[in-house]
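Reading through the structure tokens given below for one structure.
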Amino acid sequence: MKNTLFCGLLCVAGMATIYSEDLIESVIIERNKVTVEVNEQFKKKYLMGNFFAEYDEDIDLSKLDYSVQIMPFIMNAISIVWISGKTYYVDSMDKELYSSLKTVKKVLKQLYKKTSWKGKLIPRKLVSNSFVPVKGKKEKVALLFSGGVDSTASSLYHREKDQLLITAWGHWDLPLHDKVLWDIRVKHFKKFAAAYGHTNTFIRSNYSSFLNRPVLDTLVPEIVSWRIFAVEGIGWAGLVAPILLLKGYPVLLHGSTISWDFPFPAAANPFIDNNLKFAGVKLEHDLFDYNRLEKCELLADMVKKGHLEKPFIRVCEEKVVYNCCHCQKCVRTILELIVLQEDPRTYGFSIDLDKAIVETRKFIEDSPMVSTTVWHLGHIKNYLLKREKEGKEIHPDLSWILSLDLSQKDPYDVRTLGKINWLDFIKFLPSIKVPQRFQSQVK
């Protein structure tokens with residue numbers, strides 16, 4: 001194993017003959033940047049290159065134990081290790097993390113029953129890390145913040161708390177090579193934080209692009225989109241771990257993208273997130289009781305009752321500054337706001353309302369869709385049917401949705417997804433509270 005810039009690693013004579021393969025060849029710490037040189041064969045098979053994460057200047061990684069320094073990489077690669085079927089070793093791991101990952105692995109096994117999860121990551125030493133909690137008059141939480149519906153709803157929902165908004169540069173819609181796009185988006189992130197009295201911190205990392213997606217997305221039939229299906233909260237928790245420990249935040253909020261009635265597997269769920277713990281820090285999957293339409297309704301209600309400034313919401317799938325108003329996520333969000341009798345233009349969608357309704361209908365009737373979009377449309381249809389039954393007003397140009405036959409919309413990814421019931425996962429998180437409207441489904 002190559003030397004690292006971290007001292008005090010466990011060294012045992014003859015270790016190379018005792019243990020199998022090291023997952024990490026070396027770790028380089030340059031104050032606020034960590035670079036992990038990965039096992040060459042592992043990298044060649046599953047990755048596009050080595051891993052790096054660079055934080056704001058006030059994050060001094062040299063103050064952290066080696067077991068925390070490698071956490072950003074470990075937690076973005078652990079699912080690959082498990083699915084590889086091989087045994088890999090690292091010099092050390094946080095004790096609490098090691099324990100919590102055992103449960104997380106069980107959840108993934110339950111999600112993807114036809115997939116083998118026999119790989120192992122074994123630490124040579126377990127470390128009991130800790131941190132000094134930040135103090136203040138208000139309760140302090142960290143929140144993963146992208147500026148979309150989910151993270152914005154979570155931020156406003158917890159607006160009475162002092163929030164550290166964490167945003168990463170390096171996601172598929174914020175590519176590392178486009179600094180112009182990033183700089184403009186940062187202005188929006190800072191504007192939101194200033195408007196609601198919060199603080200920003202940023203990360204620059206290849207946590208997404210270092211994954212060899214063409215390979216990972218085709219490893220097993222059950223997992224057709226690697227990061228969404230097999231990483232999500234695990235990877236996010238690892239990426240932001242140094243920030244949480246050095247700044248003293250005990251809780252990380254991760255806004256939900258689905259809810260109890262979503263019938264397909266996804267790694268973004270409370271049964272993974274709420275079981276993740278390390279060094280006294282815990283992750284909380286937020287607002288899993290709300291679907292996307294309900295979150296839009298919650299946002300509008302909070303803005304109205306709290307006399308808050310309407311937030312700019314960016315949901316676009318395109319690599320642009322503003323919302324394109326034509327992609328699946330833009331179309332369904334615009335429709336959700338119109339259905340709720342909200343003006344999408346006041347939330348960052350620059351489109352004529354009449355044109356928006358016409359284009360939305362054409363998109364829904366003519367375009368192929370992923371299962372998630374069909375699921376969202378089901379909520380919209382049910383909401384309008386309920387309003388009709390209650391004798392409430394419905395926008396006349398939306399009446400066509402009432403007779404929309406979603407069973408005829410064949411999602412192009414549904415054939416690969418095994419249907420699940422999230423209530424079957426309660427055994428992994430007995431403390432979770434099931435909303436009343438789902439109680440009848442509990443077995």
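Simple scheme: letters A, B, ... for chains in structure tokens order, numbers from 1 for residues in each chain, numbers from 1 for ligands in the order shown.
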_Need to verify the contact set: Tyr98 in chain A, 10 Å, only C-alpha atoms, exclusion of same-chain residues closer than 6 positions in sequence. Can you return it as a list of chain:residue names?_
A:Ser92, A:Leu121, A:Ile122, A:Pro123, A:Leu126, A:Val127, A:Leu276, A:Lys277, A:Phe278
Within 9 Å of range 148-151 of chain A: each range 232-320 of chain A residue with its shortest pair, only C-alpha atoms, as CSV:
```
residue,atom,partner,partner_atom,distance
A:Leu253,CA,A:Ser151,CA,8.9
A:His254,CA,A:Ser151,CA,7.5
A:Gly255,CA,A:Ser151,CA,5.2
A:Ser256,CA,A:Asp150,CA,6.3
A:Thr257,CA,A:Asp150,CA,6.4
A:Asp286,CA,A:Asp150,CA,8.9
A:Leu287,CA,A:Asp150,CA,8.5
A:Arg292,CA,A:Val149,CA,7.6
A:Lys295,CA,A:Val149,CA,7.2
A:Cys296,CA,A:Val149,CA,7.1
A:Leu299,CA,A:Val149,CA,8.4
A:Phe312,CA,A:Gly148,CA,8.6
A:Ile313,CA,A:Gly148,CA,5.2
A:Arg314,CA,A:Gly148,CA,5.0
A:Val315,CA,A:Gly148,CA,5.1
A:Cys316,CA,A:Gly148,CA,8.6
```
*Closest to Ile234 in chain A among A:Leu176, A:Met93, A:Met71, A:Met48, using only C-alpha atoms?*
A:Met71
_Residue contacts of Val90 in chain A (10 Å, only C-alpha atoms) excluding same-chain residues fewer than 3 positions away, as a PyMOL selection string_ = chain A and resi 21-25+67+70+74+93+121-125
_Point-to-point distance from CA of Val36 in chain A to CA of Phe73 in chain A, Å rounded to tenths_ = 7.1 Å
*Name all residues at most 8 Å from Thr360 in chain A (count only C-alpha atoms; drop same-chain ones fewer than 4 positions away) and give them as a list in words.*
Val331, Arg332, Leu335, Ala356 and Ile364 of chain A
*Determine the nearest neighbour of Val68 in chain A from the options A:Phe349, A:Phe131, A:Tyr46, A:Tyr249, counting only C-alpha atoms.*
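Looking at the shortest contact to Val68 in chain A, the residue is A:Phe131.
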*May I ask which of the residues A:Lys319, A:Ile394, A:Ser205, A:Asn129 is the closest one to Thr35 in chain A, counting only C-alpha atoms?*
A:Ser205
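Comparing the minimum interatomic distances between Trp169 in chain A and each of A:Arg31, A:Arg204, A:Arg185, A:His198, counting only C-alpha atoms, we find that A:Arg204 sits nearest.
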_Which of range 81-242 of chain A DSSP labels alpha helix (DSSP H), written as a count of residues only_ = 67
*What is the CA of Gln163 in chain A-CA of Lys190 in chain A distance in Å, reported with one decimal?*
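These two atoms are separated by 12.6 Å.
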_Residues near Val339 in chain A, cut-off 10 Å, only C-alpha atoms, skip fewer than 5 positions along chain, as a list in words_ = Leu293, Glu297, Thr333, Ile334, Ile380, Lys381, Tyr383, Leu384, Ile394, His395 and Leu398 of chain A
_Show me, as a ChimeraX atom specification, the residues that have an atom within 8 Å of Asn275 in chain A when counting only C-alpha atoms, minus same-chain residues fewer than 2 positions from it._
/A:100-101,103-104,270-273,277,282-283,429
Output as a PDB file with N, CA and C atoms, in the first residue's frame all residues of range 45-263 of chain A that backbone DSSP marks as strand (DSSP E or B).
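The new file result-v8.pdb reads:
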```pdb
ATOM      1  N   LEU A  47     -14.809   2.240 -12.501  1.00  0.00           N
ATOM      2  CA  LEU A  47     -14.718   3.691 -12.385  1.00  0.00           C
ATOM      3  C   LEU A  47     -14.109   4.344 -13.619  1.00  0.00           C
ATOM      4  N   PHE A  51     -10.869   9.357  -7.194  1.00  0.00           N
ATOM      5  CA  PHE A  51     -11.905  10.182  -6.577  1.00  0.00           C
ATOM      6  C   PHE A  51     -11.291  11.429  -5.948  1.00  0.00           C
ATOM      7  N   PHE A  52     -12.006  12.563  -6.039  1.00  0.00           N
ATOM      8  CA  PHE A  52     -11.565  13.743  -5.288  1.00  0.00           C
ATOM      9  C   PHE A  52     -12.778  14.521  -4.781  1.00  0.00           C
ATOM     10  N   ALA A  53     -12.564  15.252  -3.716  1.00  0.00           N
ATOM     11  CA  ALA A  53     -13.581  16.158  -3.175  1.00  0.00           C
ATOM     12  C   ALA A  53     -12.860  17.370  -2.604  1.00  0.00           C
ATOM     13  N   GLU A  54     -13.289  18.548  -3.012  1.00  0.00           N
ATOM     14  CA  GLU A  54     -12.682  19.799  -2.553  1.00  0.00           C
ATOM     15  C   GLU A  54     -13.745  20.645  -1.863  1.00  0.00           C
ATOM     16  N   TYR A  55     -13.430  21.110  -0.662  1.00  0.00           N
ATOM     17  CA  TYR A  55     -14.391  21.836   0.158  1.00  0.00           C
ATOM     18  C   TYR A  55     -14.012  23.312   0.252  1.00  0.00           C
ATOM     19  N   THR A  87     -13.854  -9.320  -1.687  1.00  0.00           N
ATOM     20  CA  THR A  87     -13.543  -8.756  -0.380  1.00  0.00           C
ATOM     21  C   THR A  87     -12.408  -7.749  -0.521  1.00  0.00           C
ATOM     22  N   TYR A  88     -12.648  -6.536  -0.041  1.00  0.00           N
ATOM     23  CA  TYR A  88     -11.636  -5.478  -0.065  1.00  0.00           C
ATOM     24  C   TYR A  88     -11.400  -4.987   1.362  1.00  0.00           C
ATOM     25  N   TYR A  89     -10.248  -4.348   1.562  1.00  0.00           N
ATOM     26  CA  TYR A  89      -9.862  -3.874   2.889  1.00  0.00           C
ATOM     27  C   TYR A  89      -9.503  -2.397   2.858  1.00  0.00           C
ATOM     28  N   VAL A  90      -9.778  -1.732   3.975  1.00  0.00           N
ATOM     29  CA  VAL A  90      -9.299  -0.371   4.210  1.00  0.00           C
ATOM     30  C   VAL A  90      -8.625  -0.364   5.573  1.00  0.00           C
ATOM     31  N   MET A  93     -12.042   2.440   9.650  1.00  0.00           N
ATOM     32  CA  MET A  93     -13.386   2.934   9.352  1.00  0.00           C
ATOM     33  C   MET A  93     -14.028   3.397  10.653  1.00  0.00           C
ATOM     34  N   ASP A  94     -14.866   4.413  10.550  1.00  0.00           N
ATOM     35  CA  ASP A  94     -15.601   4.868  11.722  1.00  0.00           C
ATOM     36  C   ASP A  94     -16.453   3.722  12.257  1.00  0.00           C
ATOM     37  N   LYS A 120     -17.603  -7.589   0.286  1.00  0.00           N
ATOM     38  CA  LYS A 120     -17.360  -7.095   1.643  1.00  0.00           C
ATOM     39  C   LYS A 120     -16.277  -6.019   1.641  1.00  0.00           C
ATOM     40  N   LEU A 121     -16.440  -5.058   2.541  1.00  0.00           N
ATOM     41  CA  LEU A 121     -15.391  -4.074   2.806  1.00  0.00           C
ATOM     42  C   LEU A 121     -15.035  -4.202   4.279  1.00  0.00           C
ATOM     43  N   ILE A 122     -13.813  -4.644   4.549  1.00  0.00           N
ATOM     44  CA  ILE A 122     -13.398  -4.945   5.916  1.00  0.00           C
ATOM     45  C   ILE A 122     -12.333  -3.949   6.388  1.00  0.00           C
ATOM     46  N   PRO A 123     -12.594  -3.242   7.486  1.00  0.00           N
ATOM     47  CA  PRO A 123     -11.588  -2.332   8.044  1.00  0.00           C
ATOM     48  C   PRO A 123     -10.620  -3.085   8.947  1.00  0.00           C
ATOM     49  N   LEU A 126     -11.278  -0.219  13.721  1.00  0.00           N
ATOM     50  CA  LEU A 126     -12.468   0.601  13.892  1.00  0.00           C
ATOM     51  C   LEU A 126     -12.135   1.778  14.797  1.00  0.00           C
ATOM     52  N   VAL A 127     -12.589   2.963  14.408  1.00  0.00           N
ATOM     53  CA  VAL A 127     -12.258   4.191  15.132  1.00  0.00           C
ATOM     54  C   VAL A 127     -13.533   4.838  15.669  1.00  0.00           C
ATOM     55  N   LYS A 140     -29.775  23.652  15.118  1.00  0.00           N
ATOM     56  CA  LYS A 140     -28.995  23.736  13.887  1.00  0.00           C
ATOM     57  C   LYS A 140     -29.022  22.412  13.133  1.00  0.00           C
ATOM     58  N   VAL A 141     -29.286  22.514  11.827  1.00  0.00           N
ATOM     59  CA  VAL A 141     -29.288  21.329  10.975  1.00  0.00           C
ATOM     60  C   VAL A 141     -28.581  21.659   9.669  1.00  0.00           C
ATOM     61  N   ALA A 142     -28.023  20.635   9.055  1.00  0.00           N
ATOM     62  CA  ALA A 142     -27.466  20.772   7.715  1.00  0.00           C
ATOM     63  C   ALA A 142     -28.484  20.196   6.739  1.00  0.00           C
ATOM     64  N   LEU A 143     -28.548  20.759   5.547  1.00  0.00           N
ATOM     65  CA  LEU A 143     -29.527  20.322   4.552  1.00  0.00           C
ATOM     66  C   LEU A 143     -28.879  20.260   3.176  1.00  0.00           C
ATOM     67  N   LEU A 144     -29.037  19.124   2.505  1.00  0.00           N
ATOM     68  CA  LEU A 144     -28.588  19.009   1.122  1.00  0.00           C
ATOM     69  C   LEU A 144     -29.486  19.896   0.273  1.00  0.00           C
ATOM     70  N   ASP A 162     -31.802  26.887  12.293  1.00  0.00           N
ATOM     71  CA  ASP A 162     -30.631  27.503  11.675  1.00  0.00           C
ATOM     72  C   ASP A 162     -30.023  26.481  10.716  1.00  0.00           C
ATOM     73  N   GLN A 163     -30.052  26.778   9.412  1.00  0.00           N
ATOM     74  CA  GLN A 163     -29.675  25.783   8.412  1.00  0.00           C
ATOM     75  C   GLN A 163     -28.337  26.079   7.736  1.00  0.00           C
ATOM     76  N   LEU A 164     -27.571  25.008   7.562  1.00  0.00           N
ATOM     77  CA  LEU A 164     -26.373  25.046   6.731  1.00  0.00           C
ATOM     78  C   LEU A 164     -26.750  24.357   5.430  1.00  0.00           C
ATOM     79  N   LEU A 165     -26.863  25.120   4.356  1.00  0.00           N
ATOM     80  CA  LEU A 165     -27.265  24.575   3.063  1.00  0.00           C
ATOM     81  C   LEU A 165     -26.026  24.087   2.314  1.00  0.00           C
ATOM     82  N   ILE A 166     -25.979  22.792   2.033  1.00  0.00           N
ATOM     83  CA  ILE A 166     -24.811  22.185   1.394  1.00  0.00           C
ATOM     84  C   ILE A 166     -25.131  21.858  -0.057  1.00  0.00           C
ATOM     85  N   THR A 167     -24.337  22.400  -0.966  1.00  0.00           N
ATOM     86  CA  THR A 167     -24.548  22.178  -2.398  1.00  0.00           C
ATOM     87  C   THR A 167     -23.269  21.659  -3.030  1.00  0.00           C
ATOM     88  N   ALA A 168     -23.411  20.647  -3.867  1.00  0.00           N
ATOM     89  CA  ALA A 168     -22.249  20.044  -4.525  1.00  0.00           C
ATOM     90  C   ALA A 168     -22.194  20.419  -5.999  1.00  0.00           C
ATOM     91  N   TRP A 169     -21.009  20.733  -6.455  1.00  0.00           N
ATOM     92  CA  TRP A 169     -20.736  20.968  -7.876  1.00  0.00           C
ATOM     93  C   TRP A 169     -20.117  19.680  -8.426  1.00  0.00           C
ATOM     94  N   THR A 199     -27.087  29.736   5.894  1.00  0.00           N
ATOM     95  CA  THR A 199     -25.679  29.799   5.497  1.00  0.00           C
ATOM     96  C   THR A 199     -25.404  28.756   4.417  1.00  0.00           C
ATOM     97  N   ASN A 200     -24.527  29.100   3.480  1.00  0.00           N
ATOM     98  CA  ASN A 200     -24.144  28.160   2.419  1.00  0.00           C
ATOM     99  C   ASN A 200     -22.761  27.575   2.653  1.00  0.00           C
ATOM    100  N   THR A 201     -22.550  26.387   2.152  1.00  0.00           N
ATOM    101  CA  THR A 201     -21.210  25.832   2.003  1.00  0.00           C
ATOM    102  C   THR A 201     -21.229  24.964   0.752  1.00  0.00           C
ATOM    103  N   PHE A 202     -20.081  24.873   0.071  1.00  0.00           N
ATOM    104  CA  PHE A 202     -20.059  24.217  -1.234  1.00  0.00           C
ATOM    105  C   PHE A 202     -18.964  23.158  -1.328  1.00  0.00           C
ATOM    106  N   ILE A 203     -19.204  22.205  -2.218  1.00  0.00           N
ATOM    107  CA  ILE A 203     -18.258  21.115  -2.474  1.00  0.00           C
ATOM    108  C   ILE A 203     -18.036  21.016  -3.979  1.00  0.00           C
ATOM    109  N   ARG A 204     -16.812  20.795  -4.367  1.00  0.00           N
ATOM    110  CA  ARG A 204     -16.486  20.491  -5.767  1.00  0.00           C
ATOM    111  C   ARG A 204     -15.931  19.075  -5.796  1.00  0.00           C
ATOM    112  N   SER A 205     -16.592  18.180  -6.519  1.00  0.00           N
ATOM    113  CA  SER A 205     -16.187  16.777  -6.482  1.00  0.00           C
ATOM    114  C   SER A 205     -16.621  16.033  -7.744  1.00  0.00           C
ATOM    115  N   LEU A 211     -17.837   7.618 -11.534  1.00  0.00           N
ATOM    116  CA  LEU A 211     -18.505   6.331 -11.720  1.00  0.00           C
ATOM    117  C   LEU A 211     -18.591   5.999 -13.206  1.00  0.00           C
ATOM    118  N   VAL A 251     -27.031  16.702  12.557  1.00  0.00           N
ATOM    119  CA  VAL A 251     -28.100  16.149  11.720  1.00  0.00           C
ATOM    120  C   VAL A 251     -27.966  16.651  10.287  1.00  0.00           C
ATOM    121  N   LEU A 252     -28.094  15.725   9.340  1.00  0.00           N
ATOM    122  CA  LEU A 252     -28.130  16.072   7.924  1.00  0.00           C
ATOM    123  C   LEU A 252     -29.505  15.706   7.378  1.00  0.00           C
ATOM    124  N   LEU A 253     -30.205  16.679   6.809  1.00  0.00           N
ATOM    125  CA  LEU A 253     -31.511  16.434   6.209  1.00  0.00           C
ATOM    126  C   LEU A 253     -31.364  16.176   4.717  1.00  0.00           C
ATOM    127  N   HIS A 254     -32.040  15.145   4.248  1.00  0.00           N
ATOM    128  CA  HIS A 254     -32.040  14.784   2.824  1.00  0.00           C
ATOM    129  C   HIS A 254     -33.491  14.763   2.357  1.00  0.00           C
ATOM    130  N   GLY A 255     -33.891  15.773   1.581  1.00  0.00           N
ATOM    131  CA  GLY A 255     -35.267  15.856   1.118  1.00  0.00           C
ATOM    132  C   GLY A 255     -35.663  14.663   0.266  1.00  0.00           C
TER     133      GLY A 255
END
```
*Separation of CA of Ser128 in chain A and CA of Asp91 in chain A, in Å?*
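Distance between the two atoms: 14.1 Å.
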_Between A:Lys95, A:His188, A:Lys106, A:Lys86, which residue has the minimum interatomic distance to Lys118 in chain A, considering only C-alpha atoms?_
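Ranking A:Lys95, A:His188, A:Lys106, A:Lys86 by distance to Lys118 in chain A, first place goes to A:Lys86.
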*Find, counting only C-alpha atoms, the residue in A:Asp183, A:Phe229, A:Ile80, A:Gln408 that gets nearest to Lys43 in chain A.*
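Comparing A:Asp183, A:Phe229, A:Ile80, A:Gln408 against Lys43 in chain A, the winner is A:Ile80.
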*asked:* Give me, as a count of residues only, all polymer residues having an atom no more than 12 Å from Arg361 in chain A, counting only C-alpha atoms and skipping those fewer than 2 positions away in the same chain.
replied: 24
